[in-house]
Structures are given as C-alpha cells and as structure tokens.
Amino acid sequence: MRLSELPKGAPAVVDRVHDAHAADPIAQRLRDLGFVDGEPVRVVAIGPMGADPLLIQIGSTRFALRRSEAHRVTVRQEAA
C-alpha cells in the first residue's frame with residue numbers, strides 16, 4: 001500500500017521509498033528525513049476535501065507532504 005492511500009490514523013510501517021527515476025532527489029530527501037524500512041508512520045491529517053497536503057508523522061516528527069511525494073513511499077499497515 002502507498003502512504004498516500006493510508007487511512008487517517010491507521011498505524012503502518014515504512015517498507016521502502018521508490019525512486020521515480022535514477023538519482024531521484026525527492027526520494028533521497030524522504031530517506032534522509034527518516035522514511036526508511038521499519039520506521040513507524042501514520043497519517044495525522046488530510047488537506048481540505050481529501051486534497052494536499054497530508055500531515056505525516058514518522059517517529060516523533062511531523063511532515064507535510066504532497067500526495068505525489070507520499071505516493072513514493074510503500075507501507076505495511078499494522079493491526080491497531
């Protein structure tokens with residue numbers, strides 16, 4: 001499942017970040033920010049009417065991501 005598809009508040013774990021092309025700077029930046037395999041993640045809030053941005057919590061840090069950025073992250077949903 002992609003992070004952009006994760007329901008609000010559902011616990012998940014990062015599986016991997018996909019590169020859109022070789023040397024993808026956005027994918028690398030996501031990895032640098034902590035979107036790495038095994039890291040707990042959840043969607044805290046969603047923009048108005050289901051649009052951008054998504055407020056994502058990874059560890060104790062929160063980030064606002066566009067859906068296109070969140071779509072690069074594959075997650076495994078965990079049982080609540």
# chains A, B, ... in the order shown; residues from 1 in each chain; ligands from 1
>>> residues_around(residues="Arg42 (chain A)", least_positions_apart="3", cutoff="9 Å", atoms="only C-alpha atoms", output="MDAnalysis selection string")
chainID A and resid 3 6:13 55:58
>>> residues_around(residues="Leu30 (chain A)", least_positions_apart="4", cutoff="10 Å", atoms="only C-alpha atoms", output="tab-separated table (two decimals) with N, CA, C and O atoms, in the first residue's frame")
chain	number	residue	atom	x	y	z
A	17	VAL	N	11.07	3.42	-0.06
A	17	VAL	CA	10.81	4.62	-0.85
A	17	VAL	C	11.20	4.30	-2.29
A	17	VAL	O	12.30	3.81	-2.55
A	18	HIS	N	10.28	4.54	-3.22
A	18	HIS	CA	10.51	4.25	-4.63
A	18	HIS	C	11.05	5.49	-5.34
A	18	HIS	O	10.54	6.59	-5.16
A	25	PRO	N	15.94	13.10	-6.50
A	25	PRO	CA	16.26	13.90	-5.30
A	25	PRO	C	15.14	13.89	-4.25
A	25	PRO	O	15.41	13.98	-3.06
A	26	ILE	N	13.89	13.77	-4.68
A	26	ILE	CA	12.79	13.77	-3.71
A	26	ILE	C	12.80	12.47	-2.92
A	26	ILE	O	12.66	12.48	-1.69
A	34	GLY	N	14.00	10.24	7.23
A	34	GLY	CA	13.67	9.13	8.11
A	34	GLY	C	12.68	8.13	7.56
A	34	GLY	O	12.26	7.22	8.27
A	35	PHE	N	12.28	8.28	6.31
A	35	PHE	CA	11.37	7.32	5.69
A	35	PHE	C	12.19	6.12	5.24
A	35	PHE	O	12.55	5.98	4.07
A	36	VAL	N	12.53	5.26	6.20
A	36	VAL	CA	13.36	4.08	5.95
A	36	VAL	C	12.63	2.83	6.41
A	36	VAL	O	11.71	2.90	7.25
A	65	LEU	N	3.38	16.54	3.43
A	65	LEU	CA	3.80	16.02	2.13
A	65	LEU	C	2.68	16.16	1.12
A	65	LEU	O	1.50	16.02	1.45
A	69	GLU	N	4.35	13.03	-3.37
A	69	GLU	CA	5.53	12.63	-2.59
A	69	GLU	C	5.21	11.41	-1.73
A	69	GLU	O	5.99	10.46	-1.66
A	70	ALA	N	4.05	11.42	-1.08
A	70	ALA	CA	3.65	10.30	-0.24
A	70	ALA	C	3.43	9.03	-1.06
A	70	ALA	O	3.62	7.93	-0.56
A	72	ARG	N	5.30	7.88	-3.26
A	72	ARG	CA	6.60	7.20	-3.46
A	72	ARG	C	6.94	6.25	-2.33
A	72	ARG	O	7.86	5.45	-2.46
A	73	VAL	N	6.21	6.34	-1.20
A	73	VAL	CA	6.52	5.54	-0.02
A	73	VAL	C	5.55	4.37	0.08
A	73	VAL	O	4.34	4.56	0.12
>>> atom_distance(atom1="CA of Val43 (chain A)", atom2="CA of Ser4 (chain A)")
8.7 Å
>>> closest_residue(among="A:Arg66, A:Arg76, A:Arg16, A:Arg2", to="Gly50 (chain A)", atoms="only C-alpha atoms")
A:Arg66
>>> select_by_dssp(residues="chain A", states="strand (DSSP E)", output="compact mmCIF listing (two decimals) with N, CA and C atoms, in the first residue's frame")
# COMPACT_ATOMS: atom_id res chain seq x y z
N ALA A 12 1.12 2.13 10.59
CA ALA A 12 1.81 1.44 9.50
C ALA A 12 3.31 1.53 9.73
N VAL A 13 4.04 0.79 8.91
CA VAL A 13 5.50 0.78 8.96
C VAL A 13 6.00 0.99 7.53
N VAL A 14 7.02 1.82 7.39
CA VAL A 14 7.60 2.07 6.07
C VAL A 14 8.22 0.79 5.54
N ASP A 15 7.91 0.48 4.29
CA ASP A 15 8.51 -0.66 3.61
C ASP A 15 9.69 -0.20 2.77
N ARG A 16 9.45 0.81 1.91
CA ARG A 16 10.54 1.38 1.12
C ARG A 16 10.09 2.66 0.43
N VAL A 17 11.07 3.42 -0.06
CA VAL A 17 10.81 4.62 -0.85
C VAL A 17 11.20 4.30 -2.29
N PRO A 40 8.00 3.38 12.04
CA PRO A 40 6.55 3.57 12.20
C PRO A 40 6.11 4.90 11.57
N VAL A 41 4.94 4.88 10.94
CA VAL A 41 4.43 6.06 10.25
C VAL A 41 2.91 6.06 10.33
N ARG A 42 2.31 7.26 10.32
CA ARG A 42 0.85 7.36 10.25
C ARG A 42 0.46 8.71 9.66
N VAL A 43 -0.73 8.73 9.07
CA VAL A 43 -1.29 9.97 8.54
C VAL A 43 -2.05 10.63 9.67
N VAL A 44 -1.64 11.83 10.04
CA VAL A 44 -2.26 12.57 11.15
C VAL A 44 -3.44 13.40 10.66
N ALA A 45 -3.30 14.03 9.51
CA ALA A 45 -4.37 14.88 8.97
C ALA A 45 -4.28 14.90 7.45
N ILE A 46 -5.42 15.21 6.83
CA ILE A 46 -5.52 15.28 5.37
C ILE A 46 -6.04 16.66 5.01
N LEU A 54 -0.79 16.18 3.04
CA LEU A 54 -1.02 15.17 4.08
C LEU A 54 -0.06 15.49 5.21
N LEU A 55 -0.54 15.44 6.44
CA LEU A 55 0.34 15.61 7.59
C LEU A 55 0.73 14.21 8.04
N ILE A 56 2.02 13.90 7.92
CA ILE A 56 2.55 12.57 8.19
C ILE A 56 3.42 12.63 9.44
N GLN A 57 3.23 11.65 10.32
CA GLN A 57 4.10 11.54 11.48
C GLN A 57 4.98 10.32 11.31
N ILE A 58 6.28 10.54 11.42
CA ILE A 58 7.24 9.44 11.38
C ILE A 58 8.13 9.60 12.59
N THR A 61 8.38 13.09 14.67
CA THR A 61 8.43 14.26 13.79
C THR A 61 7.26 14.24 12.81
N ARG A 62 6.74 15.41 12.51
CA ARG A 62 5.63 15.53 11.56
C ARG A 62 6.07 16.31 10.33
N PHE A 63 5.60 15.85 9.17
CA PHE A 63 5.92 16.47 7.89
C PHE A 63 4.65 16.67 7.09
N ALA A 64 4.58 17.76 6.36
CA ALA A 64 3.50 17.97 5.39
C ALA A 64 4.04 17.52 4.04
N LEU A 65 3.38 16.54 3.43
CA LEU A 65 3.80 16.02 2.13
C LEU A 65 2.68 16.16 1.12
N VAL A 73 6.21 6.34 -1.20
CA VAL A 73 6.52 5.54 -0.02
C VAL A 73 5.55 4.37 0.08
N THR A 74 6.08 3.15 0.11
CA THR A 74 5.28 1.95 0.31
C THR A 74 5.29 1.62 1.80
N VAL A 75 4.10 1.32 2.35
CA VAL A 75 3.98 0.99 3.78
C VAL A 75 3.26 -0.34 3.96
N ARG A 76 3.48 -0.93 5.12
CA ARG A 76 2.76 -2.14 5.55
C ARG A 76 1.86 -1.71 6.70
N GLN A 77 0.58 -1.87 6.53
CA GLN A 77 -0.37 -1.48 7.57
C GLN A 77 -0.31 -2.49 8.72
>>> atom_distance(atom1="CA of Glu5 (chain A)", atom2="CA of Gly38 (chain A)")
18.1 Å
